[in-house]
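What follows is a set of notes on a single structure, which appears directly below.
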Amino acid sequence: MRVSVSWLREYVDLPADLPTGDLEQALVDLGIEVESVVDLRESVTGPLVVGEVLEIEELTGFKKPIRFCRVDVGAANGTGEPQEIVCGARNFAQGDKVVVILPGGVLPGGFAIGARKTYGRNSHGMICSAQELGLGDDHSGIVVLPEDVKAQPGDDARPVVGLDDVVVEMEITPDRGYALSVRGIARELSHALGVPFRDPADAPAPGATAEPAYPVEVRDPVGCNRFAARMVRGVDPTVETPGWMRQRLTAAGVRSISLAVDITNYLMLELGQPMHAFDADRIAGALVVRRAEAGEKLTTLDGVSRTLSAEDLVICDDTGPISLAAVMGGETSEVLASTTNVLFEAAHWDPATVGRTARRHKLFSEAAKRWERGVDPALPLVALDKAVRLLTDLAGGTAGAEVLDIDHVAPRTPVTLPVDLPSRRVGVAYSPDRVVELLEQVGCTVTRGADRLAEDPGSVGTTAGAAEVLTVTPPSWRPDLTDPADLVEEVVRLDGYDRVPSVLPTAPPGRGLTWQQQRRRTVARSLAERGYVEVLAQPFVAPELVDQLGLPADDPRRPAVRLANPLSEEEPLLRTTLLGPLLGIVKRNVGRGQRDVAIYEIGTVFHPRPGAGAPPAMGVDRRPTDEEFAAADAVVPAQPRHVAVALTGEIEPAGWWGAGRTAGWADAIEAGRAVLDAAGIPADRVTVRSGERAPWHPGRCAELVVDDVVVGHAGELHPAVLAALELPRRTSAMELDLDALPAAPLAAGPTISTFPPALIDVALVVDDSVPAAEVRAALVEGAGPLLEDVRLFDVYTSQQLGEGRKSLAYKLTFRAPDRTLAGEEAVAARDAAVAVAAERFGATLRGA
């Protein structure tokens with residue numbers, strides 16, 4: 001929301017010498033985020049003057065039309081002689097008054113102006129466009145001042161074009177829809193600065209007449225609970241928007257279109273009431289407000305043909321939809337340069353319906369932005385009366401005496417507020433009179449009374465007893481005030497957030513991270529140390545992802561929770577596996593030239609609870625009971641925390657030191673082992689075995705097992721999945737359920753022997769189908785207590801070994817705790833280990 005301070009001053013008595021810093025601080029203290037405060041007087045420095053075009057010479061022989069102008073700038077150039085300026089714009093003529101910046105001036109962005117020779121002529125200055133002055137985005141032509149401007153050549157042009165003002169840009173939160181208007185901001189500043197406020201909507205307006213301004217039928221009073229309209233006939237279509245209105249619209253970031261349309265935009269900014277202007281002669285028959293029929297078409301004012309949904313609200317005539325209600329009008333009824341009869345419409349629409357329509361069509365107009373945040377339903381007649389008076393005063397015409405007002409607005413529901421609730425909630429002593437005063441400042445109607453205050457389990461130190469209770473009816477312009485907590489927030493906000501003490505709770509001794517939190521941090525650190533980069537993916541996925549991942553029909557990961565109000569209609573589901581979004585990040589990085597990718601994520605997945613029903617309704621007036629919490633938890637999807645990695649390309653880069661190594665299924669499995677080790681699971685409780693699970697390749701997938709429970713899978717992804725997701729060949733991944741892991745046992749300190757080790761390597765030839773982990777387990781079992789460590793360091797296949805055979809080479813470390821091992825003891829232990837492997841798998845020593 002952008003607004004000029006001069007516009008605000010019409011409705012709030014801001015001090016004449018109010019510094020811009022104090023203005024910004026006042027808004028911040030009210031909870032309004034200020035993006036910028038720009039003093040336009042400082043945006044253009046140097047001589048900026050009004051000029052009158054005396055002569056225009058058309059220059060030829062160039063790629064684009066160029067004009068050499070002689071411009072009267074009075075005595076501003078020090079000589080009184082006409083200024084010679086080269087200009088490429090075509091929208092001005094001899095005798096027009098324009099804005100000229102002379103040599104020595106500086107435009108916004110640090111663009112310094114000097115005298116120079118261009119296109120074969122000397123140019124002393126520049127005739128400025130709105131964009132060059134920082135007044136808007138229009139660069140199609142220079143600023144031509146209206147004929148009624150009284151400034152003479154050589155006068156300072158800043159007051160003429162609005163560069164003597166201050167513009168404030170604010171970010172308005174979704175619950176403060178009333179602040180998207182001059183009316184709302186002026187009211188807020190009156191609270192902050194303690195100065196008088198004049199409500200622009202506090203004006204008499206004619207009510208509904210027996211004869212409507214135009215025949216209208218509202219078929220959906222829920223989606224549209226108020227619809228008002230008035231007619232103006234015989235308007236002069238040639239009248240342009242006055243300069244003062246254009247300046248204010250430009251300062252607010254709104255482009256000037258035509259007088260009737262500009263009036264609706266002007267009043268939307270001033271009052272907060274979006275309006276629409278129809279060309280009455282282009283409407284065929286009566287208007288009908290209804291839901292669209294699925295598949296209906298409408299070409300909106302931006303020239304886009306849109307296919308409507310059955311949830312969209314539309315305004316129709318006999319030809320069909322002519323406006324996407326509350327979002328954007330249609331081409332068939334828009335006001336044209338020849339329009340003489342204008343029908344103004346001001347209505348009140350359902351915020352949720354408008355918000356869904358705007359997102360569905362990706363059409364976030366200024367009107368839709370206000371409707372989904374809440375608009376005052378009492379404004380339509382006032383806005384219509386102002387629009388009619390502005391149009392007839394500026395462009396003539398006759399205002400119709402008929403007024404249409406179809407009103408189904410329900411009265412506001414009073415809110416019961418214990419008068420001491422703000423004090424109990426915030427810890428600041430607010431007297432009852434102060435609470436009432438602040439709520440009345442907001443515009444609430446407050447009735448005082450006494451009642452019994454029930455014990456509030458959500459407040460510390462609350463006891464049952466007599467307390468005064470307020471009955472508060474919020475004003476029509478504050479739809480966000482619906483609960484006692486909302487009123488408490490208003491009391492705190494207007495009294496000042498700076499009065500709320502900043503007291504941090506004392507941390508109880510002996511408590512810190514839970515063991516689950518410590519485990520997650522350890523796992524993340526372990527993966528990062530191995531070269532994986534952490535990513536945080538959005539938990540939303542598309543419905544087709546389950547097919548792209550090749551999940552079978554009976555896979556428990558297929559059913560997914562659908563969001564009621566998704567950020568994107570293309571991704572309305574919550575993920576049931578981390579792999580989908582994670583692989584999407586791999587695809588994005590590969591597509592942008594990053595060939596070597598190794599990433600990981602620790603996050604929750606979501607599994608629905610079929611038949612769980614609906615959660616209980618819980619208000620904000622008290623803390624939910626344990627039973628209500630349990631009932632709500634029973635409905636919430638199960639959300640186990642998983643860890644997943646994905647890698648592709650080279651895991652060890654090539655260089656002058658030698659060849660690199662491509663990442664593969666073994667690296668994904670090793671990542672799973674690293675996670676289990678970091679989680680504190682002893683190696684003797686971990687088993688890695690062959691398995692099958694989508695989306696992994698059936699022959700290159702391993703199960704990660706802890707205490708005979710499968711906790712994860714790792715390996716190379718299936719070629720069909722890689723093709724569907726457009727990923728490189730041999731891309732591998734691992735996913736493991738962290739919540740399925742048992743707590744780590746108490747680790748005993750290792751026994752350290754001071755005697756030297758005996759190192760022996762063995763290479764065993766086994767069938768290709770035998771897992772290396774099982775061979776290792778056999779060696780450990782056979783070697784006995786003297787074996788300190790065993791590590792696989794080579795896997796070898798060749799024609800000499802035979803078809804379907806492989807060689808597994810292990811490094812065995814033997815050590816005794818109490819003596820130096822004799823060579824015979826180490827060899828005997830090795831032979832015993834090989835014997836068990838031979839008995840169990842038919843293993844033979846390579847080369848024997």
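Within each chain, counting starts at residue 1; across the structure tokens, chains are named A, B, ... in the order shown, with ligands numbered 1 upward in that order.
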Cut-off 10 Å: closest range 583-637 of chain A/range 544-566 of chain A atom pairs per residue, using only C-alpha atoms, as CSV:
```
residue,atom,partner,partner_atom,distance
A:Val605,CA,A:Arg557,CA,9.7
A:Phe606,CA,A:Val561,CA,7.1
A:His607,CA,A:Ala560,CA,6.3
A:Pro608,CA,A:Val561,CA,5.6
A:Arg609,CA,A:Val561,CA,9.0
A:Pro610,CA,A:Pro559,CA,9.2
A:Val636,CA,A:Val561,CA,9.9
A:Pro637,CA,A:Val561,CA,7.6
```
Can those selected residues be exported to a file as a CSV table (one decimal), in the first residue's frame so that it contains all heavy atoms?
```
chain,number,residue,atom,x,y,z
A,605,VAL,N,7.2,-36.8,7.0
A,605,VAL,CA,6.3,-37.3,6.0
A,605,VAL,C,5.0,-37.4,6.6
A,605,VAL,O,4.8,-37.4,7.9
A,605,VAL,CB,6.8,-38.6,5.3
A,605,VAL,CG1,8.1,-38.4,4.6
A,605,VAL,CG2,6.9,-39.7,6.3
A,606,PHE,N,3.9,-37.5,5.8
A,606,PHE,CA,2.6,-37.4,6.3
A,606,PHE,C,1.8,-38.6,5.8
A,606,PHE,O,1.6,-38.8,4.6
A,606,PHE,CB,1.9,-36.1,5.9
A,606,PHE,CG,2.7,-34.9,6.3
A,606,PHE,CD1,3.7,-34.4,5.5
A,606,PHE,CD2,2.4,-34.2,7.4
A,606,PHE,CE1,4.4,-33.3,5.8
A,606,PHE,CE2,3.1,-33.1,7.8
A,606,PHE,CZ,4.2,-32.7,7.0
A,607,HIS,N,1.2,-39.4,6.7
A,607,HIS,CA,0.4,-40.6,6.4
A,607,HIS,C,-1.0,-40.4,7.0
A,607,HIS,O,-1.1,-40.2,8.2
A,607,HIS,CB,1.1,-41.9,6.9
A,607,HIS,CG,2.4,-42.2,6.4
A,607,HIS,ND1,2.6,-42.5,5.1
A,607,HIS,CD2,3.6,-42.2,7.0
A,607,HIS,CE1,3.9,-42.7,4.9
A,607,HIS,NE2,4.6,-42.5,6.0
A,608,PRO,N,-2.0,-40.4,6.1
A,608,PRO,CA,-3.4,-40.2,6.6
A,608,PRO,C,-3.9,-41.3,7.5
A,608,PRO,O,-3.3,-42.4,7.4
A,608,PRO,CB,-4.2,-40.1,5.3
A,608,PRO,CG,-3.4,-40.8,4.3
A,608,PRO,CD,-1.9,-40.7,4.6
A,609,ARG,N,-4.8,-41.0,8.3
A,609,ARG,CA,-5.5,-42.0,9.1
A,609,ARG,C,-6.9,-42.2,8.6
A,609,ARG,O,-7.8,-41.4,8.9
A,609,ARG,CB,-5.6,-41.5,10.6
A,609,ARG,CG,-4.2,-41.2,11.2
A,609,ARG,CD,-4.4,-40.8,12.7
A,609,ARG,NE,-3.2,-40.1,13.2
A,609,ARG,CZ,-2.3,-40.8,13.9
A,609,ARG,NH1,-2.4,-42.1,14.0
A,609,ARG,NH2,-1.2,-40.1,14.4
A,610,PRO,N,-7.1,-43.2,7.8
A,610,PRO,CA,-8.4,-43.4,7.2
A,610,PRO,C,-9.5,-43.6,8.2
A,610,PRO,O,-9.3,-44.3,9.2
A,610,PRO,CB,-8.2,-44.7,6.3
A,610,PRO,CG,-6.8,-44.8,6.1
A,610,PRO,CD,-6.1,-44.2,7.3
A,636,VAL,N,-5.1,-36.0,13.3
A,636,VAL,CA,-4.0,-35.5,12.6
A,636,VAL,C,-3.2,-36.6,11.9
A,636,VAL,O,-3.0,-37.7,12.5
A,636,VAL,CB,-3.1,-34.7,13.6
A,636,VAL,CG1,-1.8,-34.3,12.9
A,636,VAL,CG2,-3.8,-33.5,14.1
A,637,PRO,N,-2.7,-36.5,10.7
A,637,PRO,CA,-2.0,-37.5,10.1
A,637,PRO,C,-0.7,-37.9,10.9
A,637,PRO,O,-0.1,-37.1,11.6
A,637,PRO,CB,-1.6,-36.9,8.7
A,637,PRO,CG,-2.5,-35.8,8.5
A,637,PRO,CD,-2.9,-35.3,9.8
```
- Message: I'd like the contact shell of Ala252 in chain A - 8 Å cut-off, only C-alpha atoms, skipping same-chain residues fewer than 2 positions apart - returned as a PyMOL selection string.
- Response: chain A and resi 1-4+248-250+254
Residues from the last selection, N, CA and C atoms, saved as an mmCIF file, in the first residue's frame:
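Dumped everything to part.cif:
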```cif
data_model
loop_
_atom_site.group_PDB
_atom_site.id
_atom_site.type_symbol
_atom_site.label_atom_id
_atom_site.label_comp_id
_atom_site.auth_asym_id
_atom_site.auth_seq_id
_atom_site.Cartn_x
_atom_site.Cartn_y
_atom_site.Cartn_z
ATOM 1 N N MET A 1 0.846 -1.188 0.000
ATOM 2 C CA MET A 1 0.000 0.000 0.000
ATOM 3 C C MET A 1 0.879 1.235 0.000
ATOM 4 N N ARG A 2 0.734 2.070 -1.050
ATOM 5 C CA ARG A 2 1.478 3.319 -1.153
ATOM 6 C C ARG A 2 0.495 4.476 -1.085
ATOM 7 N N VAL A 3 0.840 5.497 -0.306
ATOM 8 C CA VAL A 3 -0.060 6.640 -0.172
ATOM 9 C C VAL A 3 0.774 7.880 0.100
ATOM 10 N N SER A 4 0.313 9.010 -0.427
ATOM 11 C CA SER A 4 1.017 10.271 -0.207
ATOM 12 C C SER A 4 0.539 10.905 1.093
ATOM 13 N N ARG A 248 -2.230 11.483 -7.469
ATOM 14 C CA ARG A 248 -2.431 10.605 -6.321
ATOM 15 C C ARG A 248 -2.452 9.141 -6.744
ATOM 16 N N LEU A 249 -3.057 8.862 -7.875
ATOM 17 C CA LEU A 249 -3.052 7.480 -8.359
ATOM 18 C C LEU A 249 -1.630 7.038 -8.686
ATOM 19 N N THR A 250 -0.870 7.919 -9.332
ATOM 20 C CA THR A 250 0.500 7.570 -9.700
ATOM 21 C C THR A 250 1.344 7.329 -8.456
ATOM 22 N N VAL A 254 -0.854 3.245 -9.177
ATOM 23 C CA VAL A 254 -1.990 2.848 -10.021
ATOM 24 C C VAL A 254 -1.948 3.670 -11.311
#
```
- Message: If we count only C-alpha atoms and set the cut-off at 10 Å, which residues sit around range 122-125 of chain A, ignoring sequence neighbours fewer than 5 positions away in its own chain? Please answer as a count of residues only.
- Response: 23
- Item | Picked from range 329-534 of chain A by DSSP as helix (DSSP H, G or I), as a PyMOL selection string | chain A and resi 331-333+351-360+366-371+380-395+421-426+432-442+484-495+497-499+515-529
- Message: Neighbouring residues of range 611-621 of chain A were defined as those with any atom within 12 Å, considering only C-alpha atoms; residues of the same chain fewer than 4 positions away were excluded. Please report them as a PyMOL selection string.
- Response: chain A and resi 415-418+421+425+454-459+482-488+625-638
- Query: Which residue out of A:Val686, A:Ala75, A:Leu579, A:Val827 has the minimum interatomic distance to Ala537 in chain A when only C-alpha atoms are used?
  - Reply: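 That would be A:Leu579, the residue with the smallest distance to Ala537 in chain A.
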- Query: Please, what distance in Å, to one decimal, runs between CA of Val403 in chain A and CA of Val342 in chain A?
  - Reply: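 So the answer is 13.7 Å.
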- Task: Give the strand (DSSP E) residues of range 402-575 of chain A, as DSSP finds them on the backbone, and put them as a ChimeraX atom specification.
- Result: /A:404-407,415-418,445-453,465-473,533-534,540-541,573-574
Put those residues in a file: N, CA and C atoms, as an mmCIF file, in the first residue's frame.
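File produced: selection_27.cif:
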```cif
data_model
loop_
_atom_site.group_PDB
_atom_site.id
_atom_site.type_symbol
_atom_site.label_atom_id
_atom_site.label_comp_id
_atom_site.auth_asym_id
_atom_site.auth_seq_id
_atom_site.Cartn_x
_atom_site.Cartn_y
_atom_site.Cartn_z
ATOM 1 N N LEU A 404 -29.960 1.351 -6.388
ATOM 2 C CA LEU A 404 -30.151 -0.079 -6.119
ATOM 3 C C LEU A 404 -29.320 -0.456 -4.891
ATOM 4 N N ASP A 405 -29.935 -1.133 -3.947
ATOM 5 C CA ASP A 405 -29.202 -1.617 -2.770
ATOM 6 C C ASP A 405 -29.848 -2.905 -2.279
ATOM 7 N N ILE A 406 -29.266 -4.032 -2.682
ATOM 8 C CA ILE A 406 -29.720 -5.351 -2.211
ATOM 9 C C ILE A 406 -28.833 -5.718 -1.029
ATOM 10 N N ASP A 407 -29.405 -5.665 0.180
ATOM 11 C CA ASP A 407 -28.612 -5.759 1.405
ATOM 12 C C ASP A 407 -29.011 -6.992 2.210
ATOM 13 N N VAL A 415 -18.965 -9.537 21.221
ATOM 14 C CA VAL A 415 -17.941 -10.379 21.843
ATOM 15 C C VAL A 415 -17.904 -10.062 23.334
ATOM 16 N N THR A 416 -17.949 -11.103 24.160
ATOM 17 C CA THR A 416 -17.877 -10.921 25.605
ATOM 18 C C THR A 416 -16.420 -10.940 26.052
ATOM 19 N N LEU A 417 -16.019 -9.873 26.753
ATOM 20 C CA LEU A 417 -14.619 -9.723 27.152
ATOM 21 C C LEU A 417 -14.529 -9.405 28.637
ATOM 22 N N PRO A 418 -13.961 -10.296 29.457
ATOM 23 C CA PRO A 418 -13.658 -9.918 30.843
ATOM 24 C C PRO A 418 -12.705 -8.725 30.850
ATOM 25 N N THR A 445 -18.386 -0.602 19.894
ATOM 26 C CA THR A 445 -19.419 -0.172 20.833
ATOM 27 C C THR A 445 -19.314 -1.051 22.069
ATOM 28 N N VAL A 446 -19.090 -0.438 23.240
ATOM 29 C CA VAL A 446 -18.799 -1.188 24.460
ATOM 30 C C VAL A 446 -19.898 -0.952 25.479
ATOM 31 N N THR A 447 -20.432 -2.061 25.996
ATOM 32 C CA THR A 447 -21.418 -2.018 27.076
ATOM 33 C C THR A 447 -20.796 -2.680 28.292
ATOM 34 N N ARG A 448 -20.828 -1.977 29.436
ATOM 35 C CA ARG A 448 -20.199 -2.504 30.638
ATOM 36 C C ARG A 448 -21.236 -3.204 31.506
ATOM 37 N N GLY A 449 -20.769 -4.259 32.186
ATOM 38 C CA GLY A 449 -21.647 -5.017 33.074
ATOM 39 C C GLY A 449 -20.810 -5.887 33.968
ATOM 40 N N ALA A 450 -21.458 -6.587 34.927
ATOM 41 C CA ALA A 450 -20.760 -7.457 35.867
ATOM 42 C C ALA A 450 -21.191 -8.882 35.654
ATOM 43 N N ASP A 451 -20.275 -9.822 35.900
ATOM 44 C CA ASP A 451 -20.581 -11.244 35.723
ATOM 45 C C ASP A 451 -19.615 -12.033 36.588
ATOM 46 N N ARG A 452 -19.812 -13.325 36.618
ATOM 47 C CA ARG A 452 -18.866 -14.211 37.284
ATOM 48 C C ARG A 452 -17.823 -14.655 36.269
ATOM 49 N N LEU A 453 -16.577 -14.520 36.650
ATOM 50 C CA LEU A 453 -15.487 -14.931 35.763
ATOM 51 C C LEU A 453 -15.081 -16.344 36.102
ATOM 52 N N GLY A 465 -13.934 -15.580 40.633
ATOM 53 C CA GLY A 465 -14.399 -14.453 41.422
ATOM 54 C C GLY A 465 -15.188 -13.498 40.564
ATOM 55 N N ALA A 466 -15.724 -12.464 41.178
ATOM 56 C CA ALA A 466 -16.515 -11.481 40.453
ATOM 57 C C ALA A 466 -15.600 -10.595 39.642
ATOM 58 N N ALA A 467 -15.989 -10.311 38.425
ATOM 59 C CA ALA A 467 -15.202 -9.424 37.574
ATOM 60 C C ALA A 467 -16.131 -8.764 36.576
ATOM 61 N N GLU A 468 -15.776 -7.536 36.181
ATOM 62 C CA GLU A 468 -16.584 -6.824 35.202
ATOM 63 C C GLU A 468 -16.397 -7.438 33.828
ATOM 64 N N VAL A 469 -17.491 -7.545 33.098
ATOM 65 C CA VAL A 469 -17.470 -8.118 31.759
ATOM 66 C C VAL A 469 -17.966 -7.070 30.770
ATOM 67 N N LEU A 470 -17.251 -6.928 29.672
ATOM 68 C CA LEU A 470 -17.629 -5.987 28.626
ATOM 69 C C LEU A 470 -18.310 -6.734 27.489
ATOM 70 N N THR A 471 -19.366 -6.137 26.954
ATOM 71 C CA THR A 471 -19.982 -6.644 25.733
ATOM 72 C C THR A 471 -19.574 -5.702 24.605
ATOM 73 N N VAL A 472 -18.767 -6.226 23.703
ATOM 74 C CA VAL A 472 -18.114 -5.399 22.685
ATOM 75 C C VAL A 472 -18.649 -5.761 21.307
ATOM 76 N N THR A 473 -19.167 -4.772 20.607
ATOM 77 C CA THR A 473 -19.612 -4.972 19.224
ATOM 78 C C THR A 473 -18.596 -4.298 18.300
ATOM 79 N N VAL A 533 25.006 -31.938 1.096
ATOM 80 C CA VAL A 533 24.513 -30.591 1.350
ATOM 81 C C VAL A 533 23.055 -30.685 1.785
ATOM 82 N N GLU A 534 22.726 -30.036 2.903
ATOM 83 C CA GLU A 534 21.349 -30.099 3.399
ATOM 84 C C GLU A 534 20.437 -29.204 2.569
ATOM 85 N N PHE A 540 4.985 -30.313 -0.282
ATOM 86 C CA PHE A 540 3.815 -30.457 -1.145
ATOM 87 C C PHE A 540 4.199 -31.159 -2.444
ATOM 88 N N VAL A 541 3.357 -32.069 -2.890
ATOM 89 C CA VAL A 541 3.658 -32.842 -4.091
ATOM 90 C C VAL A 541 2.439 -32.910 -4.989
ATOM 91 N N LEU A 573 -1.071 -32.143 -2.432
ATOM 92 C CA LEU A 573 -0.924 -33.257 -1.501
ATOM 93 C C LEU A 573 0.305 -33.069 -0.616
ATOM 94 N N LEU A 574 0.235 -33.652 0.594
ATOM 95 C CA LEU A 574 1.397 -33.697 1.468
ATOM 96 C C LEU A 574 2.205 -34.949 1.163
#
```
- Query: Quick one: residues within 12 Å of Ala748 in chain A, only C-alpha atoms counted, chain neighbours fewer than 3 positions away excluded, as a ChimeraX atom specification?
  - Reply: /A:680,682,744-745,751
Selected residues, N, CA, C and O atoms, written as a compact mmCIF listing (two decimals), in the first residue's frame, please.
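Everything below was put into selection17.txt:
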```
# COMPACT_ATOMS: atom_id res chain seq x y z
N GLY A 680 23.77 -43.87 16.92
CA GLY A 680 24.18 -44.64 18.08
C GLY A 680 23.76 -46.09 18.07
O GLY A 680 23.78 -46.75 19.11
N PRO A 682 24.52 -49.82 17.51
CA PRO A 682 25.74 -50.64 17.36
C PRO A 682 25.73 -51.43 16.06
O PRO A 682 24.67 -51.85 15.58
N ALA A 744 19.47 -45.20 21.48
CA ALA A 744 20.84 -45.73 21.50
C ALA A 744 21.16 -46.27 22.89
O ALA A 744 20.82 -45.64 23.91
N PRO A 745 21.76 -47.44 22.96
CA PRO A 745 22.13 -47.98 24.26
C PRO A 745 23.27 -47.17 24.89
O PRO A 745 23.95 -46.41 24.20
N THR A 751 37.87 -51.13 25.19
CA THR A 751 39.09 -51.66 25.82
C THR A 751 40.27 -51.41 24.88
O THR A 751 40.25 -51.87 23.73
```
- Contacts of Arg412 in chain A within 8 Å, only C-alpha atoms, excl. fewer than 4 positions in-chain, as number ranges by chain: A: 473-476
- Message: Excluding Ala809 in chain A and its own-chain neighbours fewer than 5 positions away, which residues fall within 12 Å of it when counting only C-alpha atoms? Please give them as an MDAnalysis selection string.
- Response: chainID A and resid 760:766 772 775:776 779 790:797 834 843:846
Suppose we keep N, CA, C and O atoms; can you now write the selection as a tab-separated table (two decimals), in the first residue's frame?
```
chain	number	residue	atom	x	y	z
A	760	ILE	N	46.31	-59.22	8.71
A	760	ILE	CA	46.27	-60.28	7.71
A	760	ILE	C	45.15	-59.95	6.72
A	760	ILE	O	44.03	-59.61	7.13
A	761	ASP	N	45.43	-60.04	5.42
A	761	ASP	CA	44.42	-59.86	4.38
A	761	ASP	C	43.98	-61.21	3.87
A	761	ASP	O	44.81	-62.12	3.70
A	762	VAL	N	42.66	-61.34	3.61
A	762	VAL	CA	42.14	-62.56	2.99
A	762	VAL	C	41.25	-62.17	1.84
A	762	VAL	O	40.52	-61.16	1.91
A	763	ALA	N	41.30	-62.91	0.74
A	763	ALA	CA	40.43	-62.70	-0.42
A	763	ALA	C	39.65	-63.98	-0.62
A	763	ALA	O	40.22	-65.03	-0.92
A	764	LEU	N	38.33	-63.93	-0.48
A	764	LEU	CA	37.47	-65.10	-0.57
A	764	LEU	C	36.66	-65.02	-1.85
A	764	LEU	O	36.08	-63.98	-2.18
A	765	VAL	N	36.61	-66.14	-2.57
A	765	VAL	CA	35.81	-66.23	-3.79
A	765	VAL	C	34.49	-66.89	-3.45
A	765	VAL	O	34.44	-68.00	-2.90
A	766	VAL	N	33.38	-66.18	-3.74
A	766	VAL	CA	32.04	-66.68	-3.44
A	766	VAL	C	31.14	-66.42	-4.64
A	766	VAL	O	31.53	-65.75	-5.61
A	772	ALA	N	28.07	-59.27	0.81
A	772	ALA	CA	29.36	-59.09	1.48
A	772	ALA	C	29.18	-58.97	2.98
A	772	ALA	O	30.04	-59.40	3.76
A	775	VAL	N	29.14	-62.43	4.54
A	775	VAL	CA	30.48	-63.01	4.59
A	775	VAL	C	31.27	-62.39	5.74
A	775	VAL	O	31.98	-63.09	6.49
A	776	ARG	N	31.14	-61.10	5.92
A	776	ARG	CA	31.83	-60.45	7.03
A	776	ARG	C	31.37	-61.00	8.37
A	776	ARG	O	32.19	-61.25	9.26
A	779	LEU	N	33.04	-64.27	9.03
A	779	LEU	CA	34.43	-64.12	9.45
A	779	LEU	C	34.53	-63.71	10.91
A	779	LEU	O	35.38	-64.19	11.67
A	790	VAL	N	37.42	-55.88	11.09
A	790	VAL	CA	37.39	-56.48	9.77
A	790	VAL	C	36.78	-55.46	8.82
A	790	VAL	O	35.76	-54.85	9.12
A	791	ARG	N	37.43	-55.24	7.65
A	791	ARG	CA	36.95	-54.22	6.71
A	791	ARG	C	37.10	-54.70	5.29
A	791	ARG	O	38.15	-55.21	4.90
A	792	LEU	N	36.01	-54.59	4.52
A	792	LEU	CA	36.03	-54.94	3.10
A	792	LEU	C	36.74	-53.82	2.33
A	792	LEU	O	36.36	-52.66	2.44
A	793	PHE	N	37.79	-54.18	1.56
A	793	PHE	CA	38.50	-53.13	0.83
A	793	PHE	C	38.54	-53.36	-0.67
A	793	PHE	O	38.99	-52.50	-1.42
A	794	ASP	N	38.02	-54.52	-1.16
A	794	ASP	CA	38.05	-54.72	-2.60
A	794	ASP	C	37.01	-55.75	-3.00
A	794	ASP	O	36.78	-56.73	-2.28
A	795	VAL	N	36.34	-55.50	-4.13
A	795	VAL	CA	35.42	-56.45	-4.76
A	795	VAL	C	35.92	-56.63	-6.19
A	795	VAL	O	36.03	-55.64	-6.94
A	796	TYR	N	36.18	-57.89	-6.59
A	796	TYR	CA	36.84	-58.13	-7.88
A	796	TYR	C	36.10	-59.23	-8.62
A	796	TYR	O	35.69	-60.23	-8.03
A	797	THR	N	35.89	-59.03	-9.92
A	797	THR	CA	35.31	-60.05	-10.78
A	797	THR	C	36.15	-60.15	-12.04
A	797	THR	O	36.73	-59.16	-12.50
A	834	VAL	N	38.00	-68.28	8.00
A	834	VAL	CA	37.79	-68.73	6.63
A	834	VAL	C	37.00	-70.03	6.61
A	834	VAL	O	36.15	-70.24	5.73
A	843	ALA	N	32.94	-70.57	0.39
A	843	ALA	CA	34.01	-69.64	0.05
A	843	ALA	C	35.34	-70.36	-0.03
A	843	ALA	O	35.63	-71.28	0.73
A	844	THR	N	36.15	-69.92	-0.98
A	844	THR	CA	37.52	-70.45	-1.12
A	844	THR	C	38.48	-69.30	-1.16
A	844	THR	O	38.17	-68.20	-1.63
A	845	LEU	N	39.70	-69.57	-0.62
A	845	LEU	CA	40.72	-68.54	-0.67
A	845	LEU	C	41.18	-68.32	-2.11
A	845	LEU	O	41.44	-69.27	-2.84
A	846	ARG	N	41.18	-67.06	-2.51
A	846	ARG	CA	41.59	-66.73	-3.87
A	846	ARG	C	43.09	-67.05	-4.03
A	846	ARG	O	43.91	-66.66	-3.19
```
- Query: Pick the closest to Pro817 in chain A from A:Gly531, A:Pro785, A:Gly847, A:Gly443: which is it, counting only C-alpha atoms?
  - Reply: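 For Pro817 in chain A, the nearest of the given residues is A:Pro785.
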- Hey, which of A:Arg255, A:Lys811, A:His697, A:Arg90 ends up closest to Val721 in chain A? Count only C-alpha atoms.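 Checking each candidate against Val721 in chain A, we get A:His697 as the closest.
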- Point-to-point distance in Å for CA of Asp433 in chain A and CA of Asp199 in chain A: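 Here the two named atoms are 24.6 Å from each other.
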Write out, as a Markdown table, each residue of range 394-458 of chain A that has an atom at most 12 Å from range 260-276 of chain A, together with the closest pair of atoms and their distance in Å to one decimal, counting only C-alpha atoms, rows going by chain and rising number.
```
| residue | atom | partner | partner_atom | distance |
| --- | --- | --- | --- | --- |
| A:Leu394 | CA | A:Ala260 | CA | 9.9 |
| A:Ala395 | CA | A:Ala260 | CA | 9.2 |
| A:Gly396 | CA | A:Ala260 | CA | 11.8 |
```
- Item | Between CA of Leu812 in chain A and CA of Glu529 in chain A, distance in Å (one decimal) |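 These atoms are spaced 26.7 Å apart.
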